[in-house]
file query.csv (CSV, C-alpha atoms and all ligand atoms)
chain,number,residue,atom,x,y,z
M,165,MET,CA,82.3,168.2,120.9
M,166,GLN,CA,85.8,169.1,120.3
M,167,PHE,CA,88.8,170.6,122.1
M,168,PRO,CA,88.9,173.1,123.8
M,169,ASP,CA,85.2,172.7,124.7
M,170,TYR,CA,85.7,169.0,125.4
M,171,ARG,CA,88.6,168.3,127.7
M,172,PRO,CA,88.7,164.6,128.7
M,173,ARG,CA,91.2,165.4,131.5
M,174,ARG,CA,88.5,167.3,133.4
M,175,LEU,CA,87.0,164.0,134.6
M,176,ARG,CA,90.4,162.6,135.6
M,177,LYS,CA,91.4,165.4,137.9
M,178,ASN,CA,90.9,163.5,141.2
M,179,GLU,CA,90.0,160.1,142.5
M,180,LYS,CA,86.4,161.1,143.4
M,181,LEU,CA,85.7,162.2,139.8
M,182,ARG,CA,87.4,159.1,138.4
M,183,GLN,CA,85.3,156.9,140.7
M,184,LEU,CA,82.1,158.5,139.4
M,185,VAL,CA,82.8,157.8,135.8
M,186,ARG,CA,84.5,154.4,136.2
M,187,GLU,CA,82.9,151.9,133.8
M,188,THR,CA,84.1,148.6,135.1
M,189,THR,CA,84.1,147.2,138.6
M,190,LEU,CA,86.1,144.5,140.2
M,191,SER,CA,85.2,143.0,143.5
M,192,ALA,CA,85.7,139.9,145.6
M,193,GLY,CA,82.1,139.0,144.7
M,194,ASN,CA,83.2,138.3,141.1
M,195,LEU,CA,85.7,135.6,142.1
M,196,ILE,CA,85.9,131.8,142.2
M,197,TYR,CA,88.9,130.5,144.2
M,198,PRO,CA,90.5,127.3,142.9
M,199,LEU,CA,91.7,124.7,145.5
M,200,PHE,CA,93.7,121.5,145.1
M,201,VAL,CA,92.6,118.9,147.5
M,202,GLY,CA,94.6,115.7,148.3
M,203,PRO,CA,94.7,112.8,150.7
M,204,GLY,CA,95.8,112.9,154.4
M,205,THR,CA,95.1,115.3,157.3
M,206,ASN,CA,96.9,118.5,158.2
M,207,VAL,CA,98.7,118.4,154.9
M,208,ILE,CA,99.9,121.6,153.1
M,209,ARG,CA,102.1,120.8,150.1
M,210,PRO,CA,103.3,124.0,148.4
M,211,VAL,CA,103.3,124.0,144.6
M,212,SER,CA,106.8,125.2,143.7
M,213,SER,CA,105.8,126.8,140.4
M,214,MET,CA,102.8,128.7,142.0
M,215,PRO,CA,104.0,130.7,145.0
M,216,GLY,CA,101.2,130.9,147.6
M,217,VAL,CA,99.4,127.9,146.2
M,218,ALA,CA,99.4,124.4,147.9
M,219,GLN,CA,97.8,121.0,147.7
M,220,LEU,CA,95.6,120.7,150.8
M,221,SER,CA,94.1,117.9,152.8
M,222,VAL,CA,90.4,118.1,153.3
M,223,ASP,CA,90.7,119.6,156.8
M,224,ARG,CA,93.1,122.3,155.6
M,225,ALA,CA,90.8,123.0,152.6
M,226,VAL,CA,87.9,123.7,155.0
M,227,LEU,CA,90.1,126.3,156.8
M,228,GLU,CA,91.0,127.9,153.5
M,229,CYS,CA,87.3,128.1,152.6
M,230,ARG,CA,86.5,129.8,155.9
M,231,GLU,CA,89.1,132.4,155.1
M,232,ALA,CA,87.8,132.9,151.6
M,233,ALA,CA,84.2,133.2,152.8
M,234,ALA,CA,85.2,135.8,155.4
M,235,LEU,CA,86.9,137.8,152.7
M,236,GLY,CA,83.6,137.9,150.7
M,237,ILE,CA,84.6,135.4,148.0
M,238,PRO,CA,81.4,133.6,147.0
M,239,ALA,CA,82.7,130.4,145.6
M,240,VAL,CA,85.6,127.9,145.4
M,241,ILE,CA,86.3,125.3,142.7
M,242,LEU,CA,87.8,122.0,143.7
M,243,PHE,CA,90.4,119.9,141.9
M,244,GLY,CA,91.1,116.4,143.3
M,245,ILE,CA,94.4,114.6,143.6
M,246,PRO,CA,93.5,111.0,144.2
M,247,GLU,CA,95.3,108.3,146.2
M,248,THR,CA,95.7,106.1,143.1
M,249,LYS,CA,95.3,106.5,139.4
M,250,ASP,CA,94.3,103.9,136.8
M,251,ALA,CA,93.4,103.8,133.1
M,252,LEU,CA,89.7,104.5,133.7
M,253,GLY,CA,90.2,107.2,136.4
M,254,SER,CA,88.1,105.1,138.7
M,255,GLU,CA,88.6,107.3,141.8
M,256,ALA,CA,86.9,110.2,140.0
M,257,SER,CA,83.4,109.1,140.8
M,258,ILE,CA,83.6,107.1,144.1
M,259,SER,CA,81.5,108.5,146.9
M,260,ASP,CA,84.4,108.7,149.3
M,261,GLY,CA,86.8,110.2,146.8
M,262,VAL,CA,88.8,113.2,147.9
M,263,VAL,CA,86.7,115.8,146.1
M,264,GLN,CA,83.4,114.2,147.3
M,265,GLN,CA,84.8,114.2,150.9
M,266,ALA,CA,85.9,117.8,150.5
M,267,VAL,CA,82.5,118.9,149.2
M,268,ARG,CA,80.7,117.4,152.2
M,269,ALA,CA,83.2,118.9,154.7
M,270,ILE,CA,83.0,122.4,153.2
M,271,LYS,CA,79.2,122.3,152.9
M,272,ASP,CA,79.0,121.2,156.6
M,273,ASN,CA,81.4,123.8,157.9
M,274,VAL,CA,81.1,126.8,155.6
M,275,PRO,CA,77.5,126.4,154.4
M,276,ASN,CA,77.2,129.8,152.7
M,277,LEU,CA,80.1,129.2,150.4
M,278,LEU,CA,79.2,127.9,146.9
M,279,VAL,CA,81.2,124.8,146.0
M,280,VAL,CA,82.0,124.2,142.4
M,281,THR,CA,83.8,121.0,141.3
M,282,ASP,CA,86.0,120.5,138.3
M,283,VAL,CA,84.8,117.5,136.3
M,284,CYS,CA,87.6,115.8,134.4
M,285,LEU,CA,89.5,112.6,134.3
M,286,CYS,CA,93.1,113.9,133.8
M,287,GLU,CA,93.9,114.0,137.5
M,288,TYR,CA,92.6,110.5,138.0
M,289,THR,CA,94.0,108.6,134.9
M,290,ASP,CA,97.4,107.1,135.0
M,291,HIS,CA,98.0,108.3,131.4
M,292,GLY,CA,97.0,111.9,132.4
M,293,HIS,CA,94.5,112.4,129.5
M,294,CYS,CA,91.0,113.9,130.0
M,295,GLY,CA,89.3,110.8,128.5
M,296,LEU,CA,89.5,107.1,127.9
M,297,ILE,CA,92.2,105.8,125.6
M,298,LYS,CA,91.1,103.6,122.7
M,299,ASN,CA,93.6,102.5,120.0
M,300,GLY,CA,96.1,105.1,121.2
M,301,ALA,CA,93.7,108.0,121.0
M,302,VAL,CA,91.3,109.8,123.4
M,303,ASP,CA,87.9,108.3,122.8
M,304,ASN,CA,85.0,110.7,122.9
M,305,ASP,CA,81.8,108.8,123.4
M,306,SER,CA,82.9,106.2,125.9
M,307,THR,CA,84.2,109.1,128.1
M,308,LEU,CA,80.8,110.8,128.3
M,309,GLU,CA,79.2,108.3,130.7
M,310,LEU,CA,82.3,108.4,133.1
M,311,LEU,CA,82.1,112.2,133.2
M,312,ALA,CA,78.4,112.1,133.9
M,313,GLN,CA,78.9,109.7,136.7
M,314,GLU,CA,81.7,111.9,138.1
M,315,ALA,CA,79.4,114.9,138.0
M,316,LEU,CA,76.6,113.0,139.6
M,317,SER,CA,78.9,111.9,142.5
M,318,HIS,CA,79.8,115.5,143.1
M,319,ALA,CA,76.2,116.5,143.1
M,320,GLN,CA,75.3,113.7,145.5
M,321,ALA,CA,78.1,115.0,147.8
M,322,GLY,CA,76.4,118.4,147.8
M,323,ALA,CA,78.2,120.4,145.0
M,324,ASP,CA,76.3,123.5,144.0
M,325,MET,CA,77.9,123.6,140.5
M,326,VAL,CA,79.8,121.2,138.3
M,327,ALA,CA,82.4,122.4,135.8
M,328,PRO,CA,83.3,120.0,133.0
M,329,SER,CA,86.8,120.8,131.8
M,330,ASP,CA,87.5,117.8,129.5
M,331,MET,CA,86.4,119.3,126.1
M,332,MET,CA,84.8,116.0,124.9
M,333,ASP,CA,81.9,116.7,122.5
M,334,GLY,CA,78.5,116.3,124.0
M,335,ARG,CA,79.5,116.1,127.6
M,336,VAL,CA,77.4,119.0,128.8
M,337,GLY,CA,74.2,117.3,127.5
M,338,ALA,CA,75.3,113.9,129.0
M,339,ILE,CA,75.9,115.5,132.4
M,340,ARG,CA,72.6,117.5,132.3
M,341,ARG,CA,70.5,114.4,131.5
M,342,VAL,CA,72.0,112.3,134.3
M,343,LEU,CA,71.7,115.1,136.9
M,344,ASP,CA,68.1,115.8,135.9
M,345,ASN,CA,67.2,112.1,136.0
M,346,GLU,CA,68.7,111.8,139.5
M,347,GLY,CA,66.8,114.8,140.9
M,348,PHE,CA,69.6,117.3,140.6
M,349,ASP,CA,67.9,119.8,138.3
M,350,GLN,CA,69.1,122.7,140.5
M,351,VAL,CA,72.8,121.9,140.1
M,352,VAL,CA,74.4,124.5,137.9
M,353,ILE,CA,76.6,123.6,135.0
M,354,MET,CA,79.6,125.9,134.3
M,355,ALA,CA,81.0,124.6,131.0
M,356,TYR,CA,84.6,125.1,130.1
M,357,ALA,CA,83.2,125.9,126.7
M,358,ALA,CA,86.1,127.5,124.9
M,359,LYS,CA,89.2,125.9,126.4
M,360,TYR,CA,92.3,126.2,124.4
M,361,ALA,CA,95.3,123.9,124.2
M,362,SER,CA,97.6,126.3,126.1
M,363,GLY,CA,101.1,126.5,127.4
M,364,PHE,CA,99.7,128.6,130.3
M,365,TYR,CA,98.5,125.4,132.1
M,366,GLY,CA,102.1,124.3,132.8
M,367,PRO,CA,102.2,125.1,136.6
M,368,PHE,CA,98.7,123.6,137.1
M,369,ARG,CA,99.9,120.3,135.9
M,370,GLU,CA,102.4,120.2,138.7
M,371,ALA,CA,99.8,121.3,141.2
M,372,ALA,CA,97.2,118.7,140.0
M,373,GLU,CA,99.7,116.0,138.9
M,374,SER,CA,97.9,115.7,135.6
M,375,THR,CA,100.6,116.0,132.9
M,376,PRO,CA,99.7,113.7,129.9
M,377,GLN,CA,102.1,110.8,129.9
M,378,PHE,CA,102.2,110.7,126.1
M,379,GLY,CA,101.2,113.2,123.4
M,380,ASP,CA,99.3,116.4,124.2
M,381,ARG,CA,95.8,117.7,124.4
M,382,ARG,CA,95.5,119.2,121.0
M,383,SER,CA,93.0,116.6,119.7
M,384,TYR,CA,90.4,117.8,122.2
M,385,GLN,CA,91.3,121.3,123.4
M,386,MET,CA,91.0,124.2,121.0
M,387,ASP,CA,93.6,125.6,118.6
M,388,PRO,CA,94.8,129.0,119.9
M,389,ALA,CA,94.4,130.4,116.4
M,390,ASN,CA,90.6,130.1,116.4
M,391,THR,CA,87.7,132.4,117.6
M,392,ASP,CA,84.8,131.6,115.3
M,393,GLU,CA,85.2,128.0,116.5
M,394,ALA,CA,85.0,129.2,120.1
M,395,LEU,CA,81.6,130.7,119.3
M,396,ARG,CA,80.4,127.4,117.9
M,397,GLU,CA,81.7,125.6,121.0
M,398,VAL,CA,79.9,128.0,123.3
M,399,GLU,CA,76.6,127.7,121.3
M,400,LEU,CA,76.7,123.9,121.5
M,401,ASP,CA,77.3,124.0,125.3
M,402,ILE,CA,74.4,126.5,125.7
M,403,GLN,CA,72.1,124.2,123.6
M,404,GLU,CA,73.1,121.2,125.7
M,405,GLY,CA,72.2,123.0,129.0
M,406,ALA,CA,75.2,125.0,130.2
M,407,ASP,CA,74.2,127.8,132.6
M,408,ILE,CA,77.5,129.6,132.6
M,409,VAL,CA,80.1,129.4,129.8
M,410,MET,CA,83.8,129.7,130.4
M,411,VAL,CA,86.7,131.0,128.3
M,412,LYS,CA,90.1,129.7,129.3
M,413,PRO,CA,92.9,130.9,129.5
M,414,ALA,CA,91.8,134.6,130.1
M,415,LEU,CA,94.6,137.0,129.5
M,416,ALA,CA,95.7,135.9,126.0
M,417,TYR,CA,92.1,135.3,125.0
M,418,LEU,CA,90.4,138.6,126.0
M,419,ASP,CA,89.0,138.9,122.4
M,420,VAL,CA,87.3,135.6,122.8
M,421,ILE,CA,85.7,136.7,126.1
M,422,TYR,CA,84.5,139.8,124.4
M,423,ARG,CA,83.0,138.0,121.4
M,424,VAL,CA,81.3,135.4,123.6
M,425,LYS,CA,79.7,138.0,125.8
M,426,GLU,CA,78.6,140.1,122.8
M,427,GLN,CA,77.1,137.2,120.9
M,428,PHE,CA,75.3,135.3,123.6
M,429,GLY,CA,74.8,137.6,126.5
M,430,TYR,CA,75.1,134.6,128.7
M,431,PRO,CA,76.9,134.6,132.1
M,432,VAL,CA,80.6,134.3,131.2
M,433,ALA,CA,83.4,133.0,133.4
M,434,ALA,CA,87.1,133.5,132.6
M,435,TYR,CA,89.9,131.3,134.0
M,436,ASN,CA,92.9,133.4,134.9
M,437,VAL,CA,95.0,130.2,134.7
M,438,SER,CA,98.1,129.0,136.5
M,439,GLY,CA,100.7,130.3,134.0
M,440,GLU,CA,99.1,133.8,134.1
M,441,TYR,CA,99.4,133.7,137.9
M,442,SER,CA,102.9,132.4,138.1
M,443,MET,CA,104.3,135.0,135.6
M,444,ILE,CA,103.0,137.8,137.7
M,445,LYS,CA,104.2,136.2,140.9
M,446,ALA,CA,107.7,135.5,139.5
M,447,ALA,CA,108.1,139.0,138.2
M,448,GLY,CA,106.8,140.4,141.5
M,449,ILE,CA,109.1,138.3,143.6
M,450,ASN,CA,112.0,139.5,141.5
M,451,GLY,CA,111.0,143.2,142.0
M,452,TRP,CA,110.5,143.7,138.2
M,453,ILE,CA,106.9,144.8,138.5
M,454,ASP,CA,104.5,146.0,141.1
M,455,GLU,CA,102.7,142.7,141.7
M,456,GLU,CA,99.6,144.1,143.3
M,457,ARG,CA,99.1,146.8,140.7
M,458,ILE,CA,99.6,144.3,137.9
M,459,MET,CA,97.2,141.8,139.5
M,460,LEU,CA,94.5,144.5,139.7
M,461,GLU,CA,95.1,145.7,136.2
M,462,VAL,CA,95.0,142.2,134.7
M,463,LEU,CA,91.9,141.1,136.5
M,464,LEU,CA,90.2,144.4,135.7
M,465,SER,CA,91.0,143.8,132.0
M,466,ILE,CA,89.3,140.4,132.1
M,467,ARG,CA,86.1,142.0,133.6
M,468,ARG,CA,86.3,144.8,131.0
M,469,ALA,CA,86.5,142.3,128.2
M,470,GLY,CA,83.1,141.0,129.4
M,471,ALA,CA,83.7,138.3,132.0
M,472,ASP,CA,81.1,138.2,134.8
M,473,MET,CA,83.2,136.1,137.0
M,474,ILE,CA,86.9,135.1,137.2
M,475,LEU,CA,88.5,131.9,138.5
M,476,THR,CA,91.8,133.1,140.0
M,477,TYR,CA,94.5,131.9,142.4
M,478,PHE,CA,94.7,135.6,143.3
M,479,ALA,CA,91.3,135.5,144.9
M,480,LYS,CA,92.3,136.0,148.5
M,481,GLN,CA,95.1,138.5,147.6
M,482,LEU,CA,92.7,140.5,145.5
M,483,ALA,CA,89.9,140.5,148.1
M,484,ARG,CA,92.5,141.8,150.6
M,485,ALA,CA,93.8,144.4,148.2
M,486,LEU,CA,90.2,145.7,147.6
M,487,ALA,CA,89.2,145.6,151.3
G,1,LIG,C1,91.8,119.8,133.7
G,1,LIG,C2,92.1,121.2,133.9
G,1,LIG,C3,93.3,121.9,133.6
G,1,LIG,C4,93.1,123.2,134.1
G,1,LIG,C5,91.8,123.3,134.7
G,1,LIG,N1,91.2,122.0,134.5
G,1,LIG,C6,94.5,121.5,132.9
G,1,LIG,C7,94.6,121.0,131.6
G,1,LIG,O1,93.6,121.0,130.8
G,1,LIG,O2,95.7,120.5,131.2
G,1,LIG,C8,94.1,124.3,134.0
G,1,LIG,C9,94.0,125.4,135.1
G,1,LIG,C10,95.2,126.2,135.2
G,1,LIG,O3,96.2,126.2,134.5
G,1,LIG,O4,95.2,127.0,136.2
G,1,LIG,N2,91.4,119.4,132.5

call {"tool": "encode", "arguments": {"input": "query.csv", "output": "structure tokens"}}
result
Amino acid sequence: MQFPDYRPRRLRKNEKLRQLVRETTLSAGNLIYPLFVGPGTNVIRPVSSMPGVAQLSVDRAVLECREAAALGIPAVILFGIPETKDALGSEASISDGVVQQAVRAIKDNVPNLLVVTDVCLCEYTDHGHCGLIKNGAVDNDSTLELLAQEALSHAQAGADMVAPSDMMDGRVGAIRRVLDNEGFDQVVIMAYAAKYASGFYGPFREAAESTPQFGDRRSYQMDPANTDEALREVELDIQEGADIVMVKPALAYLDVIYRVKEQFGYPVAAYNVSGEYSMIKAAGINGWIDEERIMLEVLLSIRRAGADMILTYFAKQLARALA
């Protein structure tokens, strides 16, 4: 059909018509809300580079989870800030570590909320890298057992889902084997499958106190120039047992989200990371953009690209905006 028989504007005339033909939906039910959990009680330590985000003690994290659940958000993902750091990231897998405590407290108090845990060493190591250091480099194979033990300790605390974000080769398989051997075959693995070495993580590293003390993460996180490689990474993680595959960051990598969804048809998560959040917040606070409108547009674009779920610091704000 051609103009004047076909007039696309006919279906844009009013909101009811627009609603009927809307192709993509965005709802609180698509969101996973990231929380930073640290030591102490009644602690709220704002993260200066992420307005509205704070490091929380376990009791405060529970309150935040109650609010999130009441807003219809189905899941949170927890990042731990330990008391002490060492070369091996020892606190990552102890049974009374901060994340393990938080998982138990949240499952006790907000049982209907899904609890996901980030599995990585960078918040726990004194050098800030995501794996063990051998001869000045991040060693792959010796890191796998530590990650598996960390994931196991999260499962033992009651986590519904573990999310390895380290980008070591073979870690999804290593985690799946240990979980299955220990009776946790129902714990879901959400793999940070295509995770890029990105400048957009800057504010997170302040929030999680996980800045590498030497070098950078380019020897394990992906080169921003590559997409074919992202598909290989995703394929490997699926073969090793990932239930959900993640692309991270989201906004500058919408093409990757699209290709991953097209190629595999697997559940896809996208991480709307700290830098993406802070840019919108900063411009909003300055009055340069309409913050709420841009938030909705950006998160919708991530869904449109093919993401089933979005990890975002905007979770509560979005749920309120949609309510
Ligand atoms: C830990 C991890 C990072 C993020 C999630 N898990 C930081 C990094 O890899 O340096 C970033 C999340 C964000 O920026 O919001 N490996």

call {"tool": "closest_atom_pairs", "arguments": {"input": "query.csv", "of": "chain M", "to": "ligand LIG 1 (chain G)", "cutoff": "10 Å", "atoms": "only C-alpha atoms and all ligand atoms", "output": "Markdown table"}}
result
| residue | atom | partner | partner_atom | distance |
| --- | --- | --- | --- | --- |
| M:Pro198 | CA | G:LIG1 | O4 | 8.2 |
| M:Met214 | CA | G:LIG1 | O4 | 9.7 |
| M:Ile241 | CA | G:LIG1 | C5 | 9.9 |
| M:Leu242 | CA | G:LIG1 | N1 | 9.8 |
| M:Phe243 | CA | G:LIG1 | N1 | 7.7 |
| M:Asp282 | CA | G:LIG1 | N1 | 6.6 |
| M:Val283 | CA | G:LIG1 | C1 | 7.8 |
| M:Cys284 | CA | G:LIG1 | N2 | 5.6 |
| M:Leu285 | CA | G:LIG1 | N2 | 7.3 |
| M:Cys286 | CA | G:LIG1 | N2 | 5.9 |
| M:Glu287 | CA | G:LIG1 | C1 | 7.2 |
| M:Gly292 | CA | G:LIG1 | O2 | 8.8 |
| M:His293 | CA | G:LIG1 | N2 | 8.2 |
| M:Cys294 | CA | G:LIG1 | N2 | 6.1 |
| M:Gly295 | CA | G:LIG1 | N2 | 9.7 |
| M:Ala327 | CA | G:LIG1 | N1 | 8.9 |
| M:Pro328 | CA | G:LIG1 | N2 | 8.1 |
| M:Ser329 | CA | G:LIG1 | N2 | 4.9 |
| M:Asp330 | CA | G:LIG1 | N2 | 5.2 |
| M:Met331 | CA | G:LIG1 | N2 | 8.1 |
| M:Tyr356 | CA | G:LIG1 | N1 | 8.5 |
| M:Lys359 | CA | G:LIG1 | O1 | 7.9 |
| M:Tyr360 | CA | G:LIG1 | O1 | 8.3 |
| M:Ala361 | CA | G:LIG1 | O1 | 7.4 |
| M:Ser362 | CA | G:LIG1 | O2 | 8.0 |
| M:Gly363 | CA | G:LIG1 | O3 | 8.6 |
| M:Phe364 | CA | G:LIG1 | O3 | 6.0 |
| M:Tyr365 | CA | G:LIG1 | O3 | 3.4 |
| M:Gly366 | CA | G:LIG1 | O3 | 6.4 |
| M:Pro367 | CA | G:LIG1 | O3 | 6.5 |
| M:Phe368 | CA | G:LIG1 | O3 | 4.4 |
| M:Arg369 | CA | G:LIG1 | C6 | 6.3 |
| M:Glu370 | CA | G:LIG1 | O3 | 9.6 |
| M:Ala371 | CA | G:LIG1 | O4 | 8.9 |
| M:Ala372 | CA | G:LIG1 | C6 | 8.1 |
| M:Glu373 | CA | G:LIG1 | C6 | 9.7 |
| M:Ser374 | CA | G:LIG1 | O2 | 6.9 |
| M:Thr375 | CA | G:LIG1 | O2 | 6.9 |
| M:Pro376 | CA | G:LIG1 | O2 | 8.0 |
| M:Asp380 | CA | G:LIG1 | O2 | 8.9 |
| M:Arg381 | CA | G:LIG1 | O2 | 7.4 |
| M:Tyr384 | CA | G:LIG1 | O1 | 9.7 |
| M:Gln385 | CA | G:LIG1 | O1 | 7.8 |
| M:Lys412 | CA | G:LIG1 | C8 | 8.2 |
| M:Pro413 | CA | G:LIG1 | O3 | 7.6 |
| M:Tyr435 | CA | G:LIG1 | O4 | 7.2 |
| M:Asn436 | CA | G:LIG1 | O4 | 6.9 |
| M:Val437 | CA | G:LIG1 | O4 | 3.5 |
| M:Ser438 | CA | G:LIG1 | O4 | 3.5 |
| M:Gly439 | CA | G:LIG1 | O3 | 6.1 |
| M:Glu440 | CA | G:LIG1 | O4 | 8.1 |
| M:Tyr441 | CA | G:LIG1 | O4 | 8.1 |
| M:Ser442 | CA | G:LIG1 | O4 | 9.6 |
| M:Leu475 | CA | G:LIG1 | O4 | 8.6 |
| M:Thr476 | CA | G:LIG1 | O4 | 8.0 |
| M:Tyr477 | CA | G:LIG1 | O4 | 7.9 |

call {"tool": "closest_residue", "arguments": {"input": "query.csv", "among": "M:Val185, M:Ala301, M:Leu190, M:Ala434", "to": "Ala485 (chain M)", "atoms": "only C-alpha atoms"}}
result
M:Leu190

call {"tool": "closest_residue", "arguments": {"input": "query.csv", "among": "M:Asn304, M:Gln350, M:Asn276, M:Thr189", "to": "Ala234 (chain M)", "atoms": "all atoms listed in the file"}}
result
M:Asn276

call {"tool": "atom_distance", "arguments": {"input": "query.csv", "atom1": "CA of Gly337 (chain M)", "atom2": "CA of Lys425 (chain M)"}}
result
21.5 Å

call {"tool": "closest_residue", "arguments": {"input": "query.csv", "among": "M:Ile297, M:Val420, M:Val342, M:Val226", "to": "Ala269 (chain M)", "atoms": "all atoms listed in the file"}}
result
M:Val226

call {"tool": "atom_distance", "arguments": {"input": "query.csv", "atom1": "CA of Tyr170 (chain M)", "atom2": "CA of Gly470 (chain M)"}}
result
28.4 Å

call {"tool": "atom_distance", "arguments": {"input": "query.csv", "atom1": "CA of Val207 (chain M)", "atom2": "CA of Val222 (chain M)"}}
result
8.5 Å

call {"tool": "residues_near_point", "arguments": {"input": "query.csv", "point": "(86.2, 137.6, 138.7)", "cutoff": "8 Å", "atoms": "all atoms listed in the file", "output": "list in words"}}
result
Leu190, Ser191, Ala192, Gly193, Asn194, Leu195, Ile196, Ala433, Ala434, Leu463, Ile466, Arg467, Ala471, Asp472, Met473, Ile474, Leu475 and Thr476 of chain M

call {"tool": "write_last_selection", "arguments": {"input": "query.csv", "atoms": "C-alpha atoms", "output": "PDB file, in the frame of the given file"}}
result
ATOM      1  CA  LEU M 190      86.100 144.500 140.200  1.00  0.00           C
ATOM      2  CA  SER M 191      85.200 143.000 143.500  1.00  0.00           C
ATOM      3  CA  ALA M 192      85.700 139.900 145.600  1.00  0.00           C
ATOM      4  CA  GLY M 193      82.100 139.000 144.700  1.00  0.00           C
ATOM      5  CA  ASN M 194      83.200 138.300 141.100  1.00  0.00           C
ATOM      6  CA  LEU M 195      85.700 135.600 142.100  1.00  0.00           C
ATOM      7  CA  ILE M 196      85.900 131.800 142.200  1.00  0.00           C
ATOM      8  CA  ALA M 433      83.400 133.000 133.400  1.00  0.00           C
ATOM      9  CA  ALA M 434      87.100 133.500 132.600  1.00  0.00           C
ATOM     10  CA  LEU M 463      91.900 141.100 136.500  1.00  0.00           C
ATOM     11  CA  ILE M 466      89.300 140.400 132.100  1.00  0.00           C
ATOM     12  CA  ARG M 467      86.100 142.000 133.600  1.00  0.00           C
ATOM     13  CA  ALA M 471      83.700 138.300 132.000  1.00  0.00           C
ATOM     14  CA  ASP M 472      81.100 138.200 134.800  1.00  0.00           C
ATOM     15  CA  MET M 473      83.200 136.100 137.000  1.00  0.00           C
ATOM     16  CA  ILE M 474      86.900 135.100 137.200  1.00  0.00           C
ATOM     17  CA  LEU M 475      88.500 131.900 138.500  1.00  0.00           C
ATOM     18  CA  THR M 476      91.800 133.100 140.000  1.00  0.00           C
TER      19      THR M 476
END

call {"tool": "closest_residue", "arguments": {"input": "query.csv", "among": "M:Ala389, M:Glu346, M:Asp333, M:Gly236", "to": "Asp401 (chain M)", "atoms": "all atoms listed in the file"}}
result
M:Asp333

call {"tool": "closest_residue", "arguments": {"input": "query.csv", "among": "M:Leu277, M:Val409, M:Ala358, M:Val398", "to": "Met386 (chain M)", "atoms": "all atoms listed in the file"}}
result
M:Ala358
